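input-v6.pdb, holding PDB, C-alpha atoms:
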```
MODEL        1
ATOM      1  CA  MET A   1     -75.469  -6.201  -0.165
ATOM      2  CA  MET A   2     -76.801  -3.267  -2.183
ATOM      3  CA  LYS A   3     -78.441  -1.877   0.971
ATOM      4  CA  LYS A   4     -75.043  -1.923   2.699
ATOM      5  CA  ILE A   5     -73.429  -0.066  -0.206
ATOM      6  CA  ILE A   6     -76.160   2.565  -0.194
ATOM      7  CA  MET A   7     -75.801   3.007   3.576
ATOM      8  CA  ILE A   8     -72.022   3.445   3.262
ATOM      9  CA  LEU A   9     -72.239   5.979   0.453
ATOM     10  CA  SER A  10     -75.064   7.798   2.256
ATOM     11  CA  GLY A  11     -72.843   8.020   5.333
ATOM     12  CA  VAL A  12     -70.029   9.500   3.267
ATOM     13  CA  LEU A  13     -72.377  12.096   1.798
ATOM     14  CA  LEU A  14     -73.834  12.916   5.226
ATOM     15  CA  VAL A  15     -70.390  13.603   6.696
ATOM     16  CA  VAL A  16     -69.503  15.897   3.804
ATOM     17  CA  VAL A  17     -72.794  17.789   4.019
ATOM     18  CA  LEU A  18     -72.652  18.189   7.809
ATOM     19  CA  ALA A  19     -69.079  19.406   7.717
ATOM     20  CA  LYS A  20     -69.737  21.853   4.896
ATOM     21  CA  GLY A  21     -72.790  23.163   6.736
ATOM     22  CA  GLN A  22     -70.849  24.308   9.774
ATOM     23  CA  ASP A  23     -70.365  28.008  10.421
ATOM     24  CA  LYS A  24     -66.803  29.031   9.544
ATOM     25  CA  THR A  25     -66.542  30.705  12.946
ATOM     26  CA  ASP A  26     -67.103  27.355  14.687
ATOM     27  CA  SER A  27     -63.581  26.567  15.903
ATOM     28  CA  THR A  28     -64.513  22.959  16.731
ATOM     29  CA  TRP A  29     -64.540  22.116  13.013
ATOM     30  CA  ARG A  30     -61.576  22.026  10.640
ATOM     31  CA  ILE A  31     -62.493  21.576   6.988
ATOM     32  CA  LYS A  32     -60.247  21.128   3.966
ATOM     33  CA  ASN A  33     -61.024  20.307   0.330
ATOM     34  CA  ASP A  34     -58.386  19.658  -2.347
ATOM     35  CA  ILE A  35     -59.489  19.442  -5.979
ATOM     36  CA  SER A  36     -57.078  18.855  -8.847
ATOM     37  CA  LEU A  37     -57.114  17.957 -12.528
ATOM     38  CA  MET A  38     -53.754  16.700 -13.765
ATOM     39  CA  PHE A  39     -52.527  16.316 -17.321
ATOM     40  CA  ALA A  40     -49.499  14.649 -18.902
ATOM     41  CA  GLN A  41     -48.611  14.301 -22.579
ATOM     42  CA  THR A  42     -45.800  12.984 -24.770
ATOM     43  CA  SER A  43     -45.983  13.741 -28.481
ATOM     44  CA  PHE A  44     -43.629  12.863 -31.362
ATOM     45  CA  THR A  45     -43.617  14.195 -34.925
ATOM     46  CA  ASN A  46     -40.918  13.094 -37.380
ATOM     47  CA  TRP A  47     -38.830  12.051 -34.388
ATOM     48  CA  ALA A  48     -35.807  10.069 -35.610
ATOM     49  CA  ALA A  49     -35.293   8.219 -32.338
ATOM     50  CA  GLY A  50     -38.886   6.996 -32.387
ATOM     51  CA  GLY A  51     -41.480   7.014 -29.641
ATOM     52  CA  THR A  52     -45.184   6.560 -28.938
ATOM     53  CA  ASN A  53     -47.611   9.408 -28.340
ATOM     54  CA  ASN A  54     -49.181   9.333 -24.894
ATOM     55  CA  ILE A  55     -51.802  11.376 -23.087
ATOM     56  CA  THR A  56     -52.994  10.979 -19.489
ATOM     57  CA  LEU A  57     -55.800  12.738 -17.597
ATOM     58  CA  ASN A  58     -56.340  12.315 -13.853
ATOM     59  CA  GLY A  59     -58.781  13.915 -11.425
ATOM     60  CA  PHE A  60     -58.378  13.943  -7.636
ATOM     61  CA  TYR A  61     -60.592  15.032  -4.751
ATOM     62  CA  ASN A  62     -59.475  14.927  -1.122
ATOM     63  CA  PHE A  63     -61.763  15.953   1.719
ATOM     64  CA  TYR A  64     -60.910  16.315   5.404
ATOM     65  CA  ALA A  65     -63.255  17.151   8.280
ATOM     66  CA  GLY A  66     -62.068  17.244  11.876
ATOM     67  CA  TYR A  67     -64.283  17.878  14.899
ATOM     68  CA  PHE A  68     -62.478  18.676  18.161
ATOM     69  CA  LYS A  69     -64.246  19.418  21.437
ATOM     70  CA  GLY A  70     -63.082  18.692  24.952
ATOM     71  CA  LYS A  71     -61.508  15.253  25.074
ATOM     72  CA  SER A  72     -63.310  14.068  21.960
ATOM     73  CA  LYS A  73     -62.259  14.208  18.337
ATOM     74  CA  TRP A  74     -63.799  12.865  15.150
ATOM     75  CA  GLU A  75     -61.798  12.923  11.931
ATOM     76  CA  THR A  76     -63.007  11.933   8.474
ATOM     77  CA  ILE A  77     -60.921  11.637   5.314
ATOM     78  CA  LEU A  78     -62.308  10.953   1.835
ATOM     79  CA  GLY A  79     -59.937  10.360  -1.077
ATOM     80  CA  LEU A  80     -61.258   9.980  -4.628
ATOM     81  CA  ALA A  81     -59.223   9.568  -7.801
ATOM     82  CA  TYR A  82     -59.939   8.609 -11.380
ATOM     83  CA  GLY A  83     -57.938   8.823 -14.573
ATOM     84  CA  GLN A  84     -57.526   7.507 -18.086
ATOM     85  CA  SER A  85     -54.634   7.322 -20.518
ATOM     86  CA  LYS A  86     -54.180   6.803 -24.229
ATOM     87  CA  THR A  87     -51.064   5.377 -25.848
ATOM     88  CA  GLY A  88     -50.565   5.490 -29.605
ATOM     89  CA  ASP A  89     -53.610   4.259 -31.519
ATOM     90  CA  GLU A  90     -55.129   2.499 -28.507
ATOM     91  CA  ASP A  91     -58.425   3.650 -27.027
ATOM     92  CA  PHE A  92     -58.439   5.418 -23.668
ATOM     93  CA  ARG A  93     -57.886   2.963 -20.828
ATOM     94  CA  LYS A  94     -58.400   3.382 -17.125
ATOM     95  CA  GLY A  95     -55.425   4.201 -14.948
ATOM     96  CA  GLU A  96     -55.885   5.828 -11.543
ATOM     97  CA  ASP A  97     -59.058   4.692  -9.754
ATOM     98  CA  LYS A  98     -59.639   4.967  -6.010
ATOM     99  CA  ILE A  99     -62.360   5.351  -3.390
ATOM    100  CA  ASP A 100     -60.938   5.563   0.136
ATOM    101  CA  PHE A 101     -63.127   6.644   3.048
ATOM    102  CA  LEU A 102     -61.782   6.739   6.608
ATOM    103  CA  SER A 103     -63.551   7.879   9.764
ATOM    104  CA  THR A 104     -62.025   7.740  13.258
ATOM    105  CA  TYR A 105     -63.489   8.732  16.625
ATOM    106  CA  GLY A 106     -61.086   9.314  19.496
ATOM    107  CA  LEU A 107     -61.496   9.887  23.240
ATOM    108  CA  GLU A 108     -58.421  11.262  25.012
ATOM    109  CA  ALA A 109     -56.841   8.707  27.355
ATOM    110  CA  ALA A 110     -53.676  10.649  28.171
ATOM    111  CA  LYS A 111     -51.672  13.424  26.604
ATOM    112  CA  LYS A 112     -51.362  12.614  22.872
ATOM    113  CA  TRP A 113     -53.072   9.212  23.358
ATOM    114  CA  TYR A 114     -56.662   8.360  22.359
ATOM    115  CA  TYR A 115     -59.009   5.398  22.667
ATOM    116  CA  SER A 116     -60.170   5.091  19.067
ATOM    117  CA  LEU A 117     -62.883   3.537  16.925
ATOM    118  CA  ASN A 118     -62.037   3.202  13.246
ATOM    119  CA  PHE A 119     -64.136   2.667  10.101
ATOM    120  CA  ASN A 120     -62.663   2.286   6.613
ATOM    121  CA  PHE A 121     -64.133   1.632   3.178
ATOM    122  CA  LYS A 122     -62.087   1.101  -0.014
ATOM    123  CA  SER A 123     -63.072   0.287  -3.577
ATOM    124  CA  GLN A 124     -62.923   1.732  -7.088
ATOM    125  CA  PHE A 125     -65.293   3.443  -9.530
ATOM    126  CA  ALA A 126     -64.968   1.522 -12.783
ATOM    127  CA  ASN A 127     -64.089  -1.863 -14.240
ATOM    128  CA  SER A 128     -60.486  -2.856 -14.968
ATOM    129  CA  TYR A 129     -59.545  -5.209 -17.768
ATOM    130  CA  GLU A 130     -56.562  -7.318 -18.685
ATOM    131  CA  TYR A 131     -54.794  -6.432 -21.932
ATOM    132  CA  TYR A 132     -51.914  -8.135 -23.670
ATOM    133  CA  SER A 133     -49.359  -6.326 -25.800
ATOM    134  CA  GLY A 134     -50.942  -5.150 -29.032
ATOM    135  CA  ASP A 135     -54.508  -5.856 -27.921
ATOM    136  CA  THR A 136     -57.165  -3.386 -29.002
ATOM    137  CA  LEU A 137     -59.908  -5.130 -27.024
ATOM    138  CA  PRO A 138     -59.763  -6.236 -23.370
ATOM    139  CA  ARG A 139     -59.139  -9.942 -22.676
ATOM    140  CA  GLN A 140     -61.165 -10.159 -19.465
ATOM    141  CA  LYS A 141     -62.485  -8.172 -16.529
ATOM    142  CA  ILE A 142     -60.185  -8.306 -13.513
ATOM    143  CA  SER A 143     -61.859  -5.893 -11.062
ATOM    144  CA  GLY A 144     -64.681  -3.369 -10.648
ATOM    145  CA  PHE A 145     -66.761  -1.418  -8.154
ATOM    146  CA  MET A 146     -67.076  -3.561  -5.005
ATOM    147  CA  SER A 147     -65.008  -6.229  -6.738
ATOM    148  CA  PRO A 148     -63.095  -5.907  -4.594
ATOM    149  CA  GLY A 149     -64.475  -3.733  -1.838
ATOM    150  CA  TYR A 150     -62.908  -3.618   1.617
ATOM    151  CA  ILE A 151     -64.905  -2.684   4.719
ATOM    152  CA  SER A 152     -63.264  -2.681   8.146
ATOM    153  CA  ILE A 153     -64.289  -1.740  11.675
ATOM    154  CA  GLY A 154     -61.927  -1.798  14.628
ATOM    155  CA  ALA A 155     -61.042  -0.485  18.057
ATOM    156  CA  GLY A 156     -57.627   0.447  19.363
ATOM    157  CA  MET A 157     -55.306   3.230  20.431
ATOM    158  CA  GLU A 158     -54.028   6.253  18.546
ATOM    159  CA  TYR A 159     -50.844   8.142  19.355
ATOM    160  CA  ARG A 160     -50.781  11.710  18.022
ATOM    161  CA  PRO A 161     -47.359  13.255  18.778
ATOM    162  CA  HIS A 162     -48.022  16.102  16.329
ATOM    163  CA  GLU A 163     -51.057  17.437  14.494
ATOM    164  CA  TYR A 164     -49.550  16.228  11.202
ATOM    165  CA  MET A 165     -48.562  12.746  12.432
ATOM    166  CA  SER A 166     -50.659   9.814  13.652
ATOM    167  CA  PHE A 167     -50.003   6.215  14.718
ATOM    168  CA  TYR A 168     -53.011   3.900  15.116
ATOM    169  CA  LEU A 169     -52.969   0.279  16.279
ATOM    170  CA  SER A 170     -56.001  -1.972  16.582
ATOM    171  CA  PRO A 171     -55.571  -5.580  17.776
ATOM    172  CA  ILE A 172     -59.273  -6.213  17.085
ATOM    173  CA  THR A 173     -60.354  -5.288  13.573
ATOM    174  CA  ALA A 174     -63.060  -7.020  11.569
ATOM    175  CA  ARG A 175     -62.693  -6.775   7.797
ATOM    176  CA  TRP A 176     -64.918  -7.908   4.959
ATOM    177  CA  VAL A 177     -63.551  -8.477   1.455
ATOM    178  CA  VAL A 178     -66.437  -8.117  -1.003
ATOM    179  CA  VAL A 179     -66.405  -9.455  -4.583
ATOM    180  CA  ASN A 180     -69.821  -8.670  -6.075
ATOM    181  CA  ASP A 181     -68.952  -9.744  -9.622
ATOM    182  CA  THR A 182     -70.168 -13.336 -10.087
ATOM    183  CA  THR A 183     -67.411 -14.358 -12.505
ATOM    184  CA  LEU A 184     -64.641 -13.020 -10.274
ATOM    185  CA  ALA A 185     -66.230 -14.582  -7.188
ATOM    186  CA  ASN A 186     -66.450 -17.971  -8.925
ATOM    187  CA  GLU A 187     -62.751 -17.689  -9.790
ATOM    188  CA  GLY A 188     -61.898 -17.043  -6.138
ATOM    189  CA  SER A 189     -60.476 -13.585  -6.854
ATOM    190  CA  PHE A 190     -59.118 -11.511  -3.967
ATOM    191  CA  GLY A 191     -59.223 -14.429  -1.532
ATOM    192  CA  VAL A 192     -62.924 -15.347  -1.517
ATOM    193  CA  GLU A 193     -63.890 -19.036  -1.729
ATOM    194  CA  PRO A 194     -64.121 -20.074  -5.421
ATOM    195  CA  ALA A 195     -66.914 -22.096  -6.996
ATOM    196  CA  TYR A 196     -66.657 -25.886  -6.788
ATOM    197  CA  VAL A 197     -68.575 -29.098  -7.330
ATOM    198  CA  ASN A 198     -69.343 -30.880  -4.041
ATOM    199  CA  ASP A 199     -69.303 -34.617  -3.337
ATOM    200  CA  GLU A 200     -72.922 -34.938  -4.503
ATOM    201  CA  GLY A 201     -72.026 -33.416  -7.867
ATOM    202  CA  VAL A 202     -73.808 -30.148  -7.107
ATOM    203  CA  TYR A 203     -72.241 -26.933  -8.375
ATOM    204  CA  VAL A 204     -71.657 -24.453  -5.528
ATOM    205  CA  PRO A 205     -71.060 -20.847  -6.682
ATOM    206  CA  GLY A 206     -68.195 -18.808  -5.290
ATOM    207  CA  GLU A 207     -68.735 -16.741  -2.165
ATOM    208  CA  THR A 208     -68.994 -12.995  -2.566
ATOM    209  CA  ILE A 209     -67.763 -12.070   0.925
ATOM    210  CA  LYS A 210     -64.711 -13.167   2.880
ATOM    211  CA  ASN A 211     -64.825 -12.520   6.637
ATOM    212  CA  GLU A 212     -61.543 -11.596   8.298
ATOM    213  CA  PHE A 213     -60.566 -10.735  11.854
ATOM    214  CA  GLY A 214     -57.134  -9.479  12.756
ATOM    215  CA  ALA A 215     -54.758  -6.668  13.688
ATOM    216  CA  TYR A 216     -54.491  -3.352  11.859
ATOM    217  CA  PHE A 217     -51.799  -0.655  11.955
ATOM    218  CA  ARG A 218     -51.894   2.741  10.276
ATOM    219  CA  PHE A 219     -49.376   5.569  10.044
ATOM    220  CA  ILE A 220     -50.318   8.960   8.554
ATOM    221  CA  PHE A 221     -48.015  11.919   7.910
ATOM    222  CA  THR A 222     -49.225  15.114   6.204
ATOM    223  CA  LYS A 223     -47.023  18.200   6.281
ATOM    224  CA  ASP A 224     -45.434  20.951   4.201
ATOM    225  CA  ILE A 225     -41.824  19.756   4.272
ATOM    226  CA  TRP A 226     -40.549  22.765   2.306
ATOM    227  CA  LYS A 227     -42.118  25.930   1.037
ATOM    228  CA  ASN A 228     -44.866  24.954  -1.441
ATOM    229  CA  VAL A 229     -43.975  21.244  -1.119
ATOM    230  CA  ASN A 230     -46.394  18.954   0.726
ATOM    231  CA  LEU A 231     -45.755  15.330   1.679
ATOM    232  CA  ASN A 232     -48.773  13.105   2.328
ATOM    233  CA  THR A 233     -48.120   9.457   3.121
ATOM    234  CA  LYS A 234     -50.254   6.684   4.605
ATOM    235  CA  LEU A 235     -48.984   3.213   5.498
ATOM    236  CA  GLU A 236     -51.493   0.463   6.353
ATOM    237  CA  LEU A 237     -50.702  -3.064   7.574
ATOM    238  CA  TYR A 238     -53.213  -5.842   8.232
ATOM    239  CA  SER A 239     -52.818  -9.396   9.541
ATOM    240  CA  ASP A 240     -55.758 -11.824   9.473
ATOM    241  CA  TYR A 241     -55.720 -14.037  12.592
ATOM    242  CA  LEU A 242     -58.020 -16.551  10.857
ATOM    243  CA  ASP A 243     -55.980 -17.193   7.690
ATOM    244  CA  ASN A 244     -52.173 -17.247   7.598
ATOM    245  CA  PRO A 245     -51.559 -14.348  10.017
ATOM    246  CA  GLN A 246     -47.880 -14.311   9.006
ATOM    247  CA  ASN A 247     -48.943 -12.929   5.608
ATOM    248  CA  ILE A 248     -49.298  -9.186   6.182
ATOM    249  CA  ASP A 249     -51.247  -7.048   3.722
ATOM    250  CA  VAL A 250     -49.405  -3.813   2.916
ATOM    251  CA  ASN A 251     -50.832  -0.630   1.393
ATOM    252  CA  TRP A 252     -48.460   2.343   1.274
ATOM    253  CA  ASP A 253     -49.744   5.425  -0.547
ATOM    254  CA  THR A 254     -47.541   8.516  -0.914
ATOM    255  CA  LYS A 255     -48.125  11.795  -2.716
ATOM    256  CA  ILE A 256     -45.790  14.779  -2.983
ATOM    257  CA  GLY A 257     -47.448  17.983  -4.136
ATOM    258  CA  PHE A 258     -45.510  20.913  -5.625
ATOM    259  CA  LYS A 259     -47.495  24.153  -5.610
ATOM    260  CA  VAL A 260     -46.531  26.544  -8.397
ATOM    261  CA  ASN A 261     -49.195  29.147  -7.600
ATOM    262  CA  GLU A 262     -52.781  29.278  -6.313
ATOM    263  CA  TRP A 263     -54.151  27.319  -9.271
ATOM    264  CA  LEU A 264     -51.227  25.442 -10.812
ATOM    265  CA  SER A 265     -49.432  22.501  -9.241
ATOM    266  CA  ALA A 266     -47.482  19.337  -9.970
ATOM    267  CA  SER A 267     -47.573  16.050  -8.094
ATOM    268  CA  PHE A 268     -45.727  12.770  -7.785
ATOM    269  CA  GLY A 269     -47.556   9.733  -6.493
ATOM    270  CA  LEU A 270     -46.260   6.313  -5.494
ATOM    271  CA  GLN A 271     -48.393   3.431  -4.226
ATOM    272  CA  LEU A 272     -47.102   0.049  -3.078
ATOM    273  CA  ILE A 273     -49.483  -2.857  -2.406
ATOM    274  CA  TYR A 274     -48.828  -6.408  -1.285
ATOM    275  CA  ASP A 275     -51.725  -8.815  -0.773
ATOM    276  CA  ASN A 276     -51.044 -12.530  -0.523
ATOM    277  CA  ASN A 277     -54.623 -13.211  -1.701
ATOM    278  CA  THR A 278     -54.108 -11.371  -5.004
ATOM    279  CA  PRO A 279     -51.958 -13.478  -7.354
ATOM    280  CA  ILE A 280     -50.243 -11.651 -10.216
ATOM    281  CA  THR A 281     -48.988 -13.290 -13.427
ATOM    282  CA  ASP A 282     -45.614 -11.862 -14.477
ATOM    283  CA  LYS A 283     -44.199 -11.563 -17.993
ATOM    284  CA  ASP A 284     -42.743 -15.078 -17.763
ATOM    285  CA  GLY A 285     -46.122 -16.627 -16.985
ATOM    286  CA  ASN A 286     -45.398 -17.258 -13.300
ATOM    287  CA  THR A 287     -48.357 -16.615 -11.007
ATOM    288  CA  GLY A 288     -48.222 -15.669  -7.343
ATOM    289  CA  PRO A 289     -48.395 -12.742  -4.919
ATOM    290  CA  ARG A 290     -46.288  -9.805  -6.058
ATOM    291  CA  THR A 291     -45.481  -6.307  -4.859
ATOM    292  CA  GLN A 292     -47.734  -4.009  -6.879
ATOM    293  CA  VAL A 293     -46.260  -0.603  -7.743
ATOM    294  CA  MET A 294     -47.956   2.419  -9.289
ATOM    295  CA  GLU A 295     -46.160   5.710 -10.046
ATOM    296  CA  LEU A 296     -47.674   8.900 -11.373
ATOM    297  CA  PHE A 297     -46.195  12.318 -12.139
ATOM    298  CA  SER A 298     -48.455  15.011 -13.493
ATOM    299  CA  LEU A 299     -48.984  18.752 -13.885
ATOM    300  CA  GLY A 300     -52.293  20.547 -13.794
ATOM    301  CA  PHE A 301     -54.846  22.708 -12.043
ATOM    302  CA  ALA A 302     -55.383  22.386  -8.310
ATOM    303  CA  HIS A 303     -57.050  24.404  -5.559
ATOM    304  CA  THR A 304     -57.550  24.048  -1.828
ATOM    305  CA  PHE A 305     -60.611  25.238   0.105
ATOM    306  CA  THR A 306     -60.450  25.471   3.908
ATOM    307  CA  ASN A 307     -62.430  27.052   6.713
TER     308      ASN A 307
ENDMDL
END
```
Please rewrite the model in this file as structure tokens.
Amino acid sequence: MMKKIIMILSGVLLVVVLAKGQDKTDSTWRIKNDISLMFAQTSFTNWAAGGTNNITLNGFYNFYAGYFKGKSKWETILGLAYGQSKTGDEDFRKGEDKIDFLSTYGLEAAKKWYYSLNFNFKSQFANSYEYYSGDTLPRQKISGFMSPGYISIGAGMEYRPHEYMSFYLSPITARWVVVNDTTLANEGSFGVEPAYVNDEGVYVPGETIKNEFGAYFRFIFTKDIWKNVNLNTKLELYSDYLDNPQNIDVNWDTKIGFKVNEWLSASFGLQLIYDNNTPITDKDGNTGPRTQVMELFSLGFAHTFTN
């Protein structure tokens, strides 16, 4: 498995290096880099109404490389994010954490339509832990790098009505859910087969990979909707033909960027996730699939580099 991870990360690095190495006069390449460091703080001193001090730091890197020549196009998007926050006397705890690599090759079939091959890799950088109210130490690990990791390869059609808008549908997409952490795999986290004792009384450890095959849909919209206001949204849907195809995985990631000047910006992010294979325990102790919601508003330094 480690060889696969190294190959994936090497491929990501190769795409970035190749794209950066192109001559800026080469009109077949379009390159864009967004780097931002966001900060949010709430502080109280002798505040009669009460309140808890809070500080949040988040870093983001978004890379885009597009190669267009004749009827062919190859687009690569890399999104990285990591952040930590501190509330009151607690230690810093992880918040934002994302690795999202997407590469799509398209061959023009008709005006605005492309035969497309799609590759996607998703995971996170660091471990996540479960905390209960008032805890100073984590209760247990709930996720980490490649626990889970999602790797998918598919073929389909892309409709590109505008440069800033894309619809992609693949009726044949293979996806692998990877859970490298032994404890999480034995628990059956993220849909892999959990550990069990067979009829002969032999302990069988949990599987670290779940194979899926199904249909995948993606919608991407990236555009300045007003002066100095950019909307970037990506909706992904996946149905596994092999396991309850009626249960559709949803990942909807939206970011609105507000540019104050060349170096200062604010952003609002909203991510919605629904995965039937990821049970969540609510405040009442009920466990089951839930709609996961993450919101983030921050202000900080940001800059865009293009060719």
Edge lengths and centre in Å to one decimal, as AutoDock Vina command-line options, of the axis-aligned box that encloses all listed atoms of segment 277-281 of chain A with 5 Å added on every side?
```
--center_x -51.8 --center_y -12.4 --center_z -7.6 --size_x 15.6 --size_y 12.1 --size_z 21.7
```
| field | Given the PyMOL selection byres ((chain A and resi 226) around 12), the residues it picks as JSON, numbers by chain | value | {"A": [223, 224, 225, 227, 228, 229, 230, 231, 256, 257, 258, 259]}
Same residues, C-alpha atoms, output as a CSV table (one decimal), in the frame of the given file:
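out_20.csv written:
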```
chain,number,residue,atom,x,y,z
A,223,LYS,CA,-47.0,18.2,6.3
A,224,ASP,CA,-45.4,21.0,4.2
A,225,ILE,CA,-41.8,19.8,4.3
A,227,LYS,CA,-42.1,25.9,1.0
A,228,ASN,CA,-44.9,25.0,-1.4
A,229,VAL,CA,-44.0,21.2,-1.1
A,230,ASN,CA,-46.4,19.0,0.7
A,231,LEU,CA,-45.8,15.3,1.7
A,256,ILE,CA,-45.8,14.8,-3.0
A,257,GLY,CA,-47.4,18.0,-4.1
A,258,PHE,CA,-45.5,20.9,-5.6
A,259,LYS,CA,-47.5,24.2,-5.6
```
| said: One number please: atom CA of Gly214 of chain A to atom CA of Gly156 of chain A, in Å, one decimal. | reply: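 One can read the atom CA of Gly214 of chain A to atom CA of Gly156 of chain A distance as 11.9 Å.
In this model, the gap between atom CA of Ala65 of chain A and atom CA of Ile31 of chain A comes to 4.7 Å.
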| Within 9 Å of segment 279-283 of chain A, counting only C-alpha atoms, which residues qualify if same-chain residues fewer than 6 places away don't, as a list in words? |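 In the requested form, the answer reads Ser189, Phe190, Pro289, Arg290, Thr291 and Gln292 of chain A.
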| field | 8 Å contact set for Gln84 of chain A, only C-alpha atoms, chain neighbours under 2 positions out, as a count of residues only | value | 10
| segment 164-174 of chain A: which residues within 12 Å, counting all atoms listed in the file, same-chain residues fewer than 5 positions away excluded, as a PyMOL selection string? | chain A and resi 75+104-106+112-120+150-159+210-225+230-242
| query | segment 35-40 of chain A: which residues within 10 Å, counting all atoms listed in the file, same-chain residues fewer than 5 positions away excluded, as a PyMOL selection string? | reply | chain A and resi 54-63+80-83+85+263-267+296-305
Write out the residues from the selection above, keeping C-alpha atoms, as a PDB file, in the coordinates of the input.
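Output saved as part05.pdb:
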```pdb
ATOM      1  CA  ASN A  54     -49.181   9.333 -24.894  1.00  0.00           C
ATOM      2  CA  ILE A  55     -51.802  11.376 -23.087  1.00  0.00           C
ATOM      3  CA  THR A  56     -52.994  10.979 -19.489  1.00  0.00           C
ATOM      4  CA  LEU A  57     -55.800  12.738 -17.597  1.00  0.00           C
ATOM      5  CA  ASN A  58     -56.340  12.315 -13.853  1.00  0.00           C
ATOM      6  CA  GLY A  59     -58.781  13.915 -11.425  1.00  0.00           C
ATOM      7  CA  PHE A  60     -58.378  13.943  -7.636  1.00  0.00           C
ATOM      8  CA  TYR A  61     -60.592  15.032  -4.751  1.00  0.00           C
ATOM      9  CA  ASN A  62     -59.475  14.927  -1.122  1.00  0.00           C
ATOM     10  CA  PHE A  63     -61.763  15.953   1.719  1.00  0.00           C
ATOM     11  CA  LEU A  80     -61.258   9.980  -4.628  1.00  0.00           C
ATOM     12  CA  ALA A  81     -59.223   9.568  -7.801  1.00  0.00           C
ATOM     13  CA  TYR A  82     -59.939   8.609 -11.380  1.00  0.00           C
ATOM     14  CA  GLY A  83     -57.938   8.823 -14.573  1.00  0.00           C
ATOM     15  CA  SER A  85     -54.634   7.322 -20.518  1.00  0.00           C
ATOM     16  CA  TRP A 263     -54.151  27.319  -9.271  1.00  0.00           C
ATOM     17  CA  LEU A 264     -51.227  25.442 -10.812  1.00  0.00           C
ATOM     18  CA  SER A 265     -49.432  22.501  -9.241  1.00  0.00           C
ATOM     19  CA  ALA A 266     -47.482  19.337  -9.970  1.00  0.00           C
ATOM     20  CA  SER A 267     -47.573  16.050  -8.094  1.00  0.00           C
ATOM     21  CA  LEU A 296     -47.674   8.900 -11.373  1.00  0.00           C
ATOM     22  CA  PHE A 297     -46.195  12.318 -12.139  1.00  0.00           C
ATOM     23  CA  SER A 298     -48.455  15.011 -13.493  1.00  0.00           C
ATOM     24  CA  LEU A 299     -48.984  18.752 -13.885  1.00  0.00           C
ATOM     25  CA  GLY A 300     -52.293  20.547 -13.794  1.00  0.00           C
ATOM     26  CA  PHE A 301     -54.846  22.708 -12.043  1.00  0.00           C
ATOM     27  CA  ALA A 302     -55.383  22.386  -8.310  1.00  0.00           C
ATOM     28  CA  HIS A 303     -57.050  24.404  -5.559  1.00  0.00           C
ATOM     29  CA  THR A 304     -57.550  24.048  -1.828  1.00  0.00           C
ATOM     30  CA  PHE A 305     -60.611  25.238   0.105  1.00  0.00           C
TER      31      PHE A 305
END
```
| message | Report, in Å with one decimal, the straight-line distance from atom CA of Phe68 of chain A to atom CA of Phe121 of chain A. | response |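 Here the two named atoms are 22.8 Å from each other.
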| message | Expand the PyMOL selection byres ((chain A and resi 130) around 6) into the explicit residue set it covers here, and present it as a list in words. | response |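 So the PyMOL selection byres ((chain A and resi 130) around 6) ends up selecting Tyr129, Tyr131, Pro138, Arg139 and Gln140 of chain A.
Nearest to Asn180 of chain A of all the residues A:Ser147, A:Thr287, A:Ser72, A:Gln246 is A:Ser147, counting only C-alpha atoms.
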Could you list, as a PDB file with C-alpha atoms, in the frame of the given file, every residue matched by the PyMOL selection byres ((chain A and resi 251) around 7) in this structure?
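Writing the result to expr.pdb gives the following:
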```pdb
ATOM      1  CA  LEU A 235     -48.984   3.213   5.498  1.00  0.00           C
ATOM      2  CA  GLU A 236     -51.493   0.463   6.353  1.00  0.00           C
ATOM      3  CA  LEU A 237     -50.702  -3.064   7.574  1.00  0.00           C
ATOM      4  CA  ASP A 249     -51.247  -7.048   3.722  1.00  0.00           C
ATOM      5  CA  VAL A 250     -49.405  -3.813   2.916  1.00  0.00           C
ATOM      6  CA  TRP A 252     -48.460   2.343   1.274  1.00  0.00           C
ATOM      7  CA  ASP A 253     -49.744   5.425  -0.547  1.00  0.00           C
ATOM      8  CA  LEU A 272     -47.102   0.049  -3.078  1.00  0.00           C
ATOM      9  CA  ILE A 273     -49.483  -2.857  -2.406  1.00  0.00           C
ATOM     10  CA  TYR A 274     -48.828  -6.408  -1.285  1.00  0.00           C
TER      11      TYR A 274
END
```
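Among the candidates A:Val260, A:Leu107, A:Thr306, A:Gln41, the one nearest to Trp29 of chain A when counting all atoms listed in the file is A:Thr306.
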